[in-house]
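**Student:** Sharing query.tsv here; it has TSV, C-alpha atoms.
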chain	number	residue	atom	x	y	z
F	1	MET	CA	-16.29	35.43	55.45
F	2	HIS	CA	-14.80	32.15	56.55
F	3	LYS	CA	-11.10	31.43	56.53
F	4	HIS	CA	-9.95	28.10	55.14
F	5	ILE	CA	-6.93	26.70	56.92
F	6	PRO	CA	-4.90	24.77	54.37
F	7	ILE	CA	-4.45	21.11	55.14
F	8	ARG	CA	-0.83	20.15	55.34
F	9	ARG	CA	0.15	17.28	53.03
F	10	PRO	CA	3.85	16.36	53.13
F	11	ARG	CA	5.20	15.78	49.64
F	12	THR	CA	7.50	13.05	50.95
F	13	ALA	CA	4.46	10.92	51.80
F	14	ARG	CA	3.33	10.89	48.17
F	15	ILE	CA	6.88	10.23	46.95
F	16	SER	CA	7.24	7.33	49.37
F	17	TYR	CA	3.96	5.75	48.32
F	18	ARG	CA	4.59	6.04	44.58
F	19	ALA	CA	8.18	4.81	44.78
F	20	GLY	CA	7.19	1.86	46.94
F	21	LEU	CA	4.29	1.07	44.64
F	22	PHE	CA	6.72	0.50	41.75
F	23	ALA	CA	9.70	-0.98	43.62
F	24	VAL	CA	8.26	-4.41	44.37
F	25	PRO	CA	6.70	-5.00	40.91
F	26	VAL	CA	9.94	-3.99	39.19
F	27	LEU	CA	11.91	-6.58	41.15
F	28	VAL	CA	9.28	-9.30	40.78
F	29	ILE	CA	8.88	-8.79	37.02
F	30	ALA	CA	12.66	-8.71	36.56
F	31	ALA	CA	13.09	-11.99	38.44
F	32	LEU	CA	10.31	-13.69	36.45
F	33	ALA	CA	11.67	-12.40	33.14
F	34	HIS	CA	15.14	-13.64	34.00
F	35	ARG	CA	13.91	-17.09	34.97
F	36	ALA	CA	11.93	-17.25	31.73
F	37	GLY	CA	15.07	-16.46	29.74
F	38	LEU	CA	13.84	-13.10	28.47
F	39	ILE	CA	16.81	-11.23	29.95
F	40	SER	CA	20.33	-12.40	30.71
F	41	ASP	CA	22.26	-12.29	33.96
F	42	ILE	CA	24.06	-9.11	32.93
F	43	GLU	CA	20.82	-7.40	31.86
F	44	LEU	CA	19.19	-8.28	35.16
F	45	LEU	CA	21.72	-6.36	37.25
F	46	PRO	CA	20.70	-2.77	36.25
F	47	VAL	CA	17.02	-3.64	36.63
F	48	MET	CA	17.71	-4.91	40.14
F	49	ALA	CA	19.64	-1.74	40.93
F	50	PHE	CA	16.70	0.37	39.76
F	51	GLY	CA	14.26	-1.62	41.88
F	52	PHE	CA	16.45	-1.33	44.97
F	53	ALA	CA	16.83	2.42	44.38
F	54	LEU	CA	13.06	2.78	44.32
F	55	GLY	CA	12.85	0.77	47.53
F	56	ILE	CA	15.41	2.97	49.27
F	57	ALA	CA	13.61	6.11	48.12
F	58	ALA	CA	10.27	4.80	49.34
F	59	PHE	CA	11.62	3.73	52.71
F	60	VAL	CA	13.59	6.91	53.43
F	61	ALA	CA	10.91	9.28	52.16
F	62	GLY	CA	8.28	7.45	54.17
F	63	LEU	CA	10.27	7.79	57.38
F	64	ILE	CA	10.79	11.50	56.75
F	65	ALA	CA	7.07	11.95	56.11
F	66	LEU	CA	6.13	10.12	59.30
F	67	VAL	CA	8.46	12.25	61.40
F	68	SER	CA	7.09	15.43	59.81
F	69	LEU	CA	3.49	14.38	60.37
F	70	TRP	CA	4.22	13.51	63.98
F	71	GLU	CA	5.79	16.89	64.69
F	72	LYS	CA	3.64	19.23	62.60
F	73	GLY	CA	0.50	17.26	61.87
F	74	GLY	CA	-1.35	16.98	58.61
F	75	VAL	CA	-2.63	14.22	56.39
F	76	GLY	CA	-0.75	11.53	54.53
F	77	TRP	CA	-0.21	8.99	57.25
F	78	SER	CA	-1.57	6.16	55.13
F	79	ALA	CA	0.61	6.98	52.13
F	80	ALA	CA	3.73	7.30	54.28
F	81	VAL	CA	3.12	3.99	56.05
F	82	ARG	CA	2.45	2.18	52.78
F	83	GLY	CA	5.59	3.63	51.27
F	84	VAL	CA	7.69	2.42	54.20
F	85	VAL	CA	6.15	-1.07	54.01
F	86	TYR	CA	6.56	-1.40	50.24
F	87	GLY	CA	10.08	-0.05	50.37
F	88	GLY	CA	10.99	-2.40	53.21
F	89	ILE	CA	9.73	-5.41	51.25
F	90	ALA	CA	11.80	-4.37	48.24
F	91	LEU	CA	14.89	-3.98	50.41
F	92	VAL	CA	14.72	-7.45	52.01
F	93	PRO	CA	16.85	-9.10	49.27
F	94	LEU	CA	19.30	-6.21	49.47
F	95	ALA	CA	19.57	-6.64	53.23
F	96	PHE	CA	20.37	-10.34	52.85
F	97	GLY	CA	22.95	-9.48	50.22
F	98	LEU	CA	24.66	-6.95	52.46
F	99	TYR	CA	24.69	-9.48	55.28
F	100	GLY	CA	26.38	-11.99	52.98
F	101	LEU	CA	28.97	-9.44	51.89
F	102	VAL	CA	29.94	-8.79	55.48
F	103	THR	CA	29.72	-12.36	56.78
F	104	TYR	CA	31.24	-14.53	54.03
F	105	PRO	CA	34.59	-14.24	52.22
F	106	LYS	CA	34.86	-12.83	48.71
F	107	LEU	CA	34.76	-16.11	46.80
F	108	ALA	CA	32.69	-17.33	43.87
F	109	ASP	CA	34.19	-20.79	43.23
F	110	ILE	CA	34.21	-23.41	46.00
F	111	SER	CA	35.46	-27.01	45.80
F	112	THR	CA	36.10	-29.82	48.25
F	113	ASP	CA	39.34	-30.53	46.37
F	114	ILE	CA	41.08	-27.17	46.39
F	115	GLU	CA	44.22	-28.20	44.52
F	116	ASN	CA	42.53	-30.31	41.85
F	117	PRO	CA	38.86	-29.28	41.60
F	118	PRO	CA	36.39	-31.12	39.36
F	119	VAL	CA	36.27	-29.85	35.80
F	120	LEU	CA	33.44	-27.50	34.80
F	121	VAL	CA	32.27	-27.65	31.19
F	122	ASP	CA	31.58	-24.30	29.46
F	123	TYR	CA	33.01	-22.38	32.41
F	124	ASP	CA	35.26	-19.64	31.07
F	125	ARG	CA	36.04	-17.83	34.32
F	126	PRO	CA	39.61	-18.02	35.69
F	127	GLU	CA	40.43	-20.71	38.21
F	128	PRO	CA	40.89	-19.65	41.85
F	129	ASP	CA	44.39	-18.37	42.54
F	130	LYS	CA	46.59	-19.20	45.51
F	131	ALA	CA	45.09	-16.45	47.67
F	132	ASP	CA	41.54	-17.65	46.98
F	133	ARG	CA	42.46	-21.24	47.80
F	134	GLN	CA	43.99	-20.18	51.10
F	135	LEU	CA	40.94	-18.05	51.88
F	136	GLN	CA	38.68	-21.05	51.30
F	137	ARG	CA	40.80	-23.23	53.61
F	138	GLU	CA	40.36	-20.70	56.39
F	139	ALA	CA	36.66	-19.99	55.83
F	140	TYR	CA	35.32	-23.43	54.87
F	141	SER	CA	37.56	-25.97	56.57
F	142	ASP	CA	34.68	-28.46	56.74
F	143	LEU	CA	34.45	-28.79	52.95
F	144	VAL	CA	36.82	-31.67	52.20
F	145	PRO	CA	36.71	-34.78	49.97
F	146	ARG	CA	34.61	-37.60	51.33
F	147	ARG	CA	35.06	-41.36	51.01
F	148	PHE	CA	32.31	-43.95	51.09
F	149	ARG	CA	32.22	-47.71	51.52
F	150	VAL	CA	30.23	-48.23	48.32
F	151	MET	CA	31.19	-48.90	44.72
F	152	PRO	CA	31.81	-45.88	42.45
F	153	GLU	CA	28.86	-46.73	40.20
F	154	GLU	CA	26.56	-46.92	43.24
F	155	LEU	CA	27.75	-43.54	44.50
F	156	HIS	CA	27.32	-42.09	41.01
F	157	THR	CA	23.71	-43.27	40.92
F	158	ALA	CA	23.03	-41.78	44.36
F	159	ALA	CA	24.57	-38.42	43.39
F	160	ARG	CA	22.50	-38.31	40.23
F	161	GLN	CA	19.39	-38.98	42.26
F	162	VAL	CA	20.13	-35.99	44.50
F	163	LEU	CA	20.42	-33.70	41.47
F	164	GLU	CA	17.17	-34.98	40.03
F	165	ARG	CA	15.31	-34.55	43.32
F	166	ASN	CA	16.32	-30.88	43.45
F	167	GLY	CA	15.25	-30.32	39.86
F	168	TRP	CA	18.73	-29.30	38.72
F	169	PRO	CA	19.09	-30.08	35.00
F	170	ILE	CA	22.15	-32.18	34.18
F	171	THR	CA	24.20	-30.54	31.43
F	172	SER	CA	27.19	-32.89	31.25
F	173	GLU	CA	27.95	-36.41	32.46
F	174	ILE	CA	30.70	-39.01	32.26
F	175	PRO	CA	29.17	-42.33	33.39
F	176	PRO	CA	31.18	-44.79	35.50
F	177	ASP	CA	31.84	-47.14	32.58
F	178	LEU	CA	35.64	-46.90	32.50
F	179	ARG	CA	37.59	-48.10	35.50
F	180	ASP	CA	40.52	-45.72	35.07
F	181	VAL	CA	38.43	-42.60	34.32
F	182	PRO	CA	36.56	-40.85	37.17
F	183	SER	CA	32.86	-40.37	36.60
F	184	ARG	CA	31.48	-36.84	36.66
F	185	ILE	CA	28.10	-35.09	36.69
F	186	GLN	CA	27.53	-31.39	36.07
F	187	ALA	CA	24.25	-29.62	36.72
F	188	GLU	CA	22.89	-26.10	36.33
F	189	VAL	CA	21.56	-24.48	39.49
F	190	ARG	CA	19.46	-21.32	39.81
F	191	THR	CA	19.62	-19.06	42.86
F	192	LEU	CA	16.47	-18.79	44.95
F	193	LEU	CA	15.23	-15.23	44.39
F	194	PHE	CA	16.51	-13.88	41.09
F	195	GLY	CA	17.58	-17.11	39.40
F	196	PHE	CA	21.25	-16.40	38.74
F	197	THR	CA	22.97	-19.38	37.10
F	198	ASP	CA	25.53	-21.42	39.02
F	199	TYR	CA	27.30	-24.65	38.09
F	200	LEU	CA	27.57	-27.72	40.32
F	201	ALA	CA	30.01	-30.51	39.42
F	202	VAL	CA	30.35	-33.89	41.14
F	203	ARG	CA	33.38	-36.13	40.62
F	204	ILE	CA	33.57	-39.75	41.79
F	205	GLU	CA	36.81	-41.74	41.81
F	206	PRO	CA	37.66	-45.29	42.88
F	207	ASP	CA	39.10	-45.49	46.38
F	208	PRO	CA	40.61	-48.34	48.43
F	209	PHE	CA	37.55	-48.11	50.67
F	210	GLY	CA	35.08	-47.89	47.78
F	211	ALA	CA	34.64	-44.44	46.22
F	212	ARG	CA	35.77	-40.86	46.77
F	213	LEU	CA	33.48	-37.87	46.22
F	214	ASP	CA	34.42	-34.28	45.34
F	215	VAL	CA	31.93	-31.45	44.76
F	216	ARG	CA	32.47	-28.05	43.17
F	217	SER	CA	30.02	-25.15	43.01
F	218	ALA	CA	30.80	-21.96	41.09
F	219	SER	CA	28.93	-18.77	40.20
F	220	LEU	CA	28.84	-17.41	36.67
F	221	VAL	CA	28.20	-13.79	37.67
F	222	GLY	CA	29.89	-11.69	40.31
F	223	GLU	CA	33.01	-11.97	42.43
F	224	HIS	CA	31.12	-12.72	45.65
F	225	ASP	CA	28.70	-15.62	46.04
F	226	LEU	CA	27.40	-14.43	49.44
F	227	GLY	CA	28.16	-17.89	50.83
F	228	ALA	CA	25.73	-19.63	48.47
F	229	ASN	CA	28.20	-22.08	46.92
F	230	ALA	CA	29.50	-23.42	50.22
F	231	GLU	CA	25.98	-23.81	51.54
F	232	ARG	CA	24.96	-25.63	48.36
F	233	ILE	CA	27.79	-28.14	48.75
F	234	ARG	CA	26.79	-28.80	52.35
F	235	MET	CA	23.18	-29.30	51.31
F	236	PHE	CA	24.22	-31.70	48.56
F	237	GLN	CA	26.31	-33.76	50.98
F	238	GLU	CA	23.47	-33.97	53.50
F	239	GLU	CA	20.97	-35.08	50.87
F	240	LEU	CA	23.46	-37.61	49.49
F	241	ASP	CA	23.83	-39.11	52.96
F	242	ALA	CA	20.04	-39.44	53.12
F	243	VAL	CA	19.91	-41.21	49.75
F	244	LEU	CA	22.68	-43.63	50.74
F	245	LEU	CA	20.92	-44.30	54.03
F	246	GLU	CA	17.76	-45.25	52.15
F	247	ALA	CA	19.66	-47.53	49.77
F	248	PHE	CA	22.28	-49.19	51.99
F	249	GLY	CA	21.35	-48.39	55.57
F	250	ALA	CA	23.82	-46.90	58.02
F	251	LEU	CA	27.29	-46.96	56.44
F	252	GLU	CA	30.38	-46.93	58.61
F	253	PRO	CA	32.06	-43.56	58.00
F	254	VAL	CA	35.61	-43.35	56.68
F	255	SER	CA	37.75	-40.99	58.73
F	256	GLU	CA	40.21	-38.67	57.03
F	257	ASP	CA	43.28	-40.30	58.61
F	258	GLU	CA	42.12	-43.89	58.16
F	259	GLU	CA	44.64	-45.89	56.18
F	260	ALA	CA	43.67	-48.15	53.33
F	261	PRO	CA	43.54	-51.89	54.08
F	262	PRO	CA	46.65	-53.83	52.96
F	263	PRO	CA	46.37	-55.85	49.76
F	264	PRO	CA	45.84	-59.61	50.13
F	265	PRO	CA	49.08	-61.64	50.25
F	266	GLU	CA	50.18	-63.45	47.13
F	267	LEU	CA	49.77	-67.21	47.11
F	268	PRO	CA	53.10	-69.10	47.35
F	269	LEU	CA	54.34	-71.08	44.36
F	270	LEU	CA	54.16	-74.86	44.57
F	271	SER	CA	57.63	-75.13	43.10
F	272	GLU	CA	60.42	-72.73	42.27
F	273	VAL	CA	61.30	-74.74	39.14
F	274	PRO	CA	59.66	-73.37	35.99
F	275	TYR	CA	56.86	-75.37	34.51
F	276	GLU	CA	58.77	-76.15	31.29
F	277	GLU	CA	61.71	-77.62	33.18
F	278	ARG	CA	59.50	-79.75	35.40
F	279	ILE	CA	57.25	-81.16	32.69
F	280	GLY	CA	59.42	-80.94	29.62
F	281	PRO	CA	58.24	-80.33	26.09
F	282	PRO	CA	54.78	-81.60	25.19
F	283	PRO	CA	54.68	-85.03	23.51
F	284	PRO	CA	54.03	-85.23	19.76
F	285	PRO	CA	50.50	-85.99	18.62
F	286	SER	CA	49.28	-89.61	18.91
F	287	ALA	CA	52.34	-90.52	21.00
F	288	LYS	CA	51.93	-91.38	24.64
F	289	PRO	CA	54.81	-90.71	27.04
F	290	VAL	CA	56.31	-93.78	28.63
F	291	PRO	CA	57.11	-93.39	32.33
F	292	GLY	CA	60.81	-93.81	32.92
F	293	ALA	CA	61.67	-93.69	29.23
F	294	GLU	CA	64.03	-90.76	29.78
F	295	GLU	CA	66.11	-92.99	32.06
F	296	LEU	CA	66.89	-95.62	29.38
F	297	ASP	CA	69.67	-93.43	27.86
F	298	GLY	CA	69.57	-94.91	24.41
F	299	GLU	CA	68.67	-98.47	25.41
F	300	GLU	CA	66.00	-100.32	23.54
F	301	GLN	CA	62.64	-99.06	24.68
F	302	ILE	CA	59.78	-101.44	25.33
F	303	ASP	CA	56.55	-100.83	23.50
F	304	PRO	CA	53.85	-100.79	26.19
F	305	LEU	CA	51.28	-101.97	23.63
F	306	GLU	CA	52.91	-105.39	23.47
F	307	GLU	CA	51.96	-106.05	27.08
F	308	LEU	CA	48.27	-105.40	26.42
F	309	PRO	CA	45.79	-108.12	25.41
F	310	GLU	CA	44.95	-108.39	21.75
F	311	ASP	CA	41.40	-107.07	22.17
F	312	LEU	CA	42.62	-103.92	23.95
F	313	ARG	CA	45.67	-103.23	21.83
F	314	GLU	CA	43.66	-102.14	18.81
F	315	ILE	CA	42.12	-99.30	20.86
F	316	TYR	CA	45.49	-97.56	21.16
F	317	VAL	CA	46.69	-98.22	17.62
F	318	ASP	CA	46.17	-95.29	15.27
F	319	GLU	CA	44.07	-96.02	12.25
F	320	PRO	CA	45.83	-95.44	8.93
F	321	ALA	CA	44.77	-92.34	7.08
F	322	GLU	CA	42.37	-92.92	4.22
F	323	GLY	CA	43.46	-92.34	0.66
Show me the file's structure as structure tokens.
**Tutor:**
Amino acid sequence: MHKHIPIRRPRTARISYRAGLFAVPVLVIAALAHRAGLISDIELLPVMAFGFALGIAAFVAGLIALVSLWEKGGVGWSAAVRGVVYGGIALVPLAFGLYGLVTYPKLADISTDIENPPVLVDYDRPEPDKADRQLQREAYSDLVPRRFRVMPEELHTAARQVLERNGWPITSEIPPDLRDVPSRIQAEVRTLLFGFTDYLAVRIEPDPFGARLDVRSASLVGEHDLGANAERIRMFQEELDAVLLEAFGALEPVSEDEEAPPPPPELPLLSEVPYEERIGPPPPPSAKPVPGAEELDGEEQIDPLEELPEDLREIYVDEPAEG
């Protein structure tokens, strides 16, 4: 009679493989459904949490199975390795998110003009408070308003071109038709992996040098943008510089402390005496002023027509009205 030695199969290897087999599809399907508009931002969050939980289970169970197989032997190496790989793939977005949480400040609304940010249409989240504004100054000191030596309408066209190149749909726009009203463009931006909705607003105002640009990027979901809004503003500014370089060549930059050029001096008056006092009241119709007549002081005035020849005098005599 032969003895059959049971083959050792760690249960954690099977758990790792099955959890990893579902983790990646859950996250991929959730991202595609969200981008297609089948689920909202809020509905996407629990699905993401479930997918990440499966990834963690697959990764941890796979490591436990590999250690057990190394120490005690058995079968299930393939399942354990696959579970670790699938779980690791599912956890890549989570790892980037954790890195952003640790690296970047807890902000979800970034603007180059901290005190007076561009207006966002259909944005019902509260404006950044004093603490958030100070936190942005410390974390993103490079994000400041920029001035360009181009006309506001030219800068507006260039900014619109940047949005169109990135495929960001424009949801609101105030064209640069009114001189006293700043132009503005607002676009809807989707995050790279899961397609969360963010808003990007561009405001362009007249400036003594040409035009001033302010950019604002804000997230609609969450209290932490993982640094995405600041990076988006930097990317927009870089692409705008490239568009302006194509259109106008190398523009001389405007430094932050550069003062505006003085206005042109006013032309001096030819005379300090008002026009009415110098010229006097206009003459009545069909009457021609006689030079020096104001000096006669009541004396008999000479009709200048009497000194003209007969053939020329009739040119200056008014014809009697008919009827």
**Student:** I'd like to know which of F:Val121, F:Met48, F:Val221, F:Val85 is closest to Ile185 of chain F, using all atoms listed in the file.
**Tutor:**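 Comparing F:Val121, F:Met48, F:Val221, F:Val85 against Ile185 of chain F, the winner is F:Val121.
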**Student:** Looking at F:Val181, F:Leu66, F:Val144, F:Leu98, which one is nearest to Asn116 of chain F, with distances taken over all atoms listed in the file?
**Tutor:** F:Val144
**Student:** Counting all atoms listed in the file, what is within 12 Å of Leu135 of chain F, bar same-chain residues fewer than 6 positions away, as a VMD selection string?
**Tutor:** chain F and resid 104 to 110 114 128 to 129 141
**Student:** Mind dumping the selected residues with C-alpha atoms as a PDB file, in the coordinates of the input?
**Tutor:**
ATOM      1  CA  TYR F 104      31.240 -14.530  54.030  1.00  0.00           C
ATOM      2  CA  PRO F 105      34.590 -14.240  52.220  1.00  0.00           C
ATOM      3  CA  LYS F 106      34.860 -12.830  48.710  1.00  0.00           C
ATOM      4  CA  LEU F 107      34.760 -16.110  46.800  1.00  0.00           C
ATOM      5  CA  ALA F 108      32.690 -17.330  43.870  1.00  0.00           C
ATOM      6  CA  ASP F 109      34.190 -20.790  43.230  1.00  0.00           C
ATOM      7  CA  ILE F 110      34.210 -23.410  46.000  1.00  0.00           C
ATOM      8  CA  ILE F 114      41.080 -27.170  46.390  1.00  0.00           C
ATOM      9  CA  PRO F 128      40.890 -19.650  41.850  1.00  0.00           C
ATOM     10  CA  ASP F 129      44.390 -18.370  42.540  1.00  0.00           C
ATOM     11  CA  SER F 141      37.560 -25.970  56.570  1.00  0.00           C
TER      12      SER F 141
END
**Student:** Please measure the separation of atom CA of Thr191 of chain F and atom CA of Gln237 of chain F, giving the value in Å to one decimal.
**Tutor:** 18.1 Å
**Student:** Considering only C-alpha atoms, state which residue in the set F:Ser219, F:Leu192, F:Ser16, F:Asp122 is at the smallest distance from Thr171 of chain F.
**Tutor:**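 Nearest candidate to Thr171 of chain F out of F:Ser219, F:Leu192, F:Ser16, F:Asp122: F:Asp122.
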**Student:** Which residues, written as a ChimeraX atom specification, have at least one atom at most 8 Å from Ile204 of chain F, with all atoms listed in the file counted and residues fewer than 2 positions away on the same chain left out?
**Tutor:** /F:152,155-156,182-184,202,206,211-214
**Student:** What would the file look like if the residues just selected were written as a PDB file, in the frame of the given file with C-alpha atoms?
**Tutor:**
ATOM      1  CA  PRO F 152      31.810 -45.880  42.450  1.00  0.00           C
ATOM      2  CA  LEU F 155      27.750 -43.540  44.500  1.00  0.00           C
ATOM      3  CA  HIS F 156      27.320 -42.090  41.010  1.00  0.00           C
ATOM      4  CA  PRO F 182      36.560 -40.850  37.170  1.00  0.00           C
ATOM      5  CA  SER F 183      32.860 -40.370  36.600  1.00  0.00           C
ATOM      6  CA  ARG F 184      31.480 -36.840  36.660  1.00  0.00           C
ATOM      7  CA  VAL F 202      30.350 -33.890  41.140  1.00  0.00           C
ATOM      8  CA  PRO F 206      37.660 -45.290  42.880  1.00  0.00           C
ATOM      9  CA  ALA F 211      34.640 -44.440  46.220  1.00  0.00           C
ATOM     10  CA  ARG F 212      35.770 -40.860  46.770  1.00  0.00           C
ATOM     11  CA  LEU F 213      33.480 -37.870  46.220  1.00  0.00           C
ATOM     12  CA  ASP F 214      34.420 -34.280  45.340  1.00  0.00           C
TER      13      ASP F 214
END
**Student:** Between atom CA of Glu205 of chain F and atom CA of Pro176 of chain F, what distance in Å does the model show, to one decimal?
**Tutor:** 9.0 Å
**Student:** Set the distance at 12 Å and use only C-alpha atoms: which residues neighbour Ala158 of chain F once local chain neighbours fewer than 6 positions away are removed? I'd like the list as a PyMOL selection string.
**Tutor:** chain F and resi 148+150-152+164-165+185+202+204+213+236-237+239-248
**Student:** Quick one: distance from atom CA of Pro169 of chain F to atom CA of Leu45 of chain F in Å, one decimal?
**Tutor:** 24.0 Å
**Student:** F:Gly55, F:Pro25, F:Gly74, F:Gly195: which is nearest Arg11 of chain F, counting all atoms listed in the file?
**Tutor:**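 Checking each of F:Gly55, F:Pro25, F:Gly74, F:Gly195 against Arg11 of chain F, counting all atoms listed in the file, the winner is F:Gly74.
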**Student:** Between F:Arg234, F:Arg147, F:Trp168, F:Asp177, which residue has the minimum interatomic distance to Val254 of chain F, considering all atoms listed in the file?
**Tutor:**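 Checking each candidate against Val254 of chain F, we get F:Arg147 as the closest.
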**Student:** Choose the residue, out of F:Tyr123, F:Tyr140, F:Leu226, F:Gly83, that has the smallest atom-to-atom separation from Glu188 of chain F; count all atoms listed in the file.
**Tutor:**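 Comparing F:Tyr123, F:Tyr140, F:Leu226, F:Gly83 against Glu188 of chain F, the winner is F:Tyr123.
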**Student:** Counting all atoms listed in the file, find residues at most 6 Å from (27.4, -19.9, 38.0) (file frame) and give them as a VMD selection string.
**Tutor:** chain F and resid 197 to 199 218 to 220
**Student:** Please write as a list in words the list of polymer residues whose atoms come within 8 Å of (10.1, -4.4, 48.8), counting only C-alpha atoms and keeping to the coordinates of the file.
**Tutor:**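 Neighbouring residues, ordered by chain and number, come to Gly20, Ala23, Val24, Gly55, Val85, Tyr86, Gly87, Gly88, Ile89, Ala90, Leu91 and Val92 of chain F.
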**Student:** Would you pick out the contacts of Asp113 of chain F at 8 Å or less, using only C-alpha atoms, so that residues sharing its chain but fewer than 4 positions from it are not included, and give the list as a PyMOL selection string?
**Tutor:** chain F and resi 117-118+144-145+214-216
**Student:** Give me a file of those residues, with C-alpha atoms, as a short mmCIF file (atom, residue, chain, number, x, y, z; two decimals), in the coordinates of the input.
**Tutor:**
data_model
loop_
_atom_site.label_atom_id
_atom_site.label_comp_id
_atom_site.auth_asym_id
_atom_site.auth_seq_id
_atom_site.Cartn_x
_atom_site.Cartn_y
_atom_site.Cartn_z
CA PRO F 117 38.86 -29.28 41.60
CA PRO F 118 36.39 -31.12 39.36
CA VAL F 144 36.82 -31.67 52.20
CA PRO F 145 36.71 -34.78 49.97
CA ASP F 214 34.42 -34.28 45.34
CA VAL F 215 31.93 -31.45 44.76
CA ARG F 216 32.47 -28.05 43.17
#
**Student:** Excluding same-chain residues fewer than 4 positions from Leu27 of chain F, what lies within 9 Å of it counting only C-alpha atoms, as an NGL selection string?
**Tutor:** :F and (22-23 or 31-32 or 47-48 or 50-52 or 90 or 194)
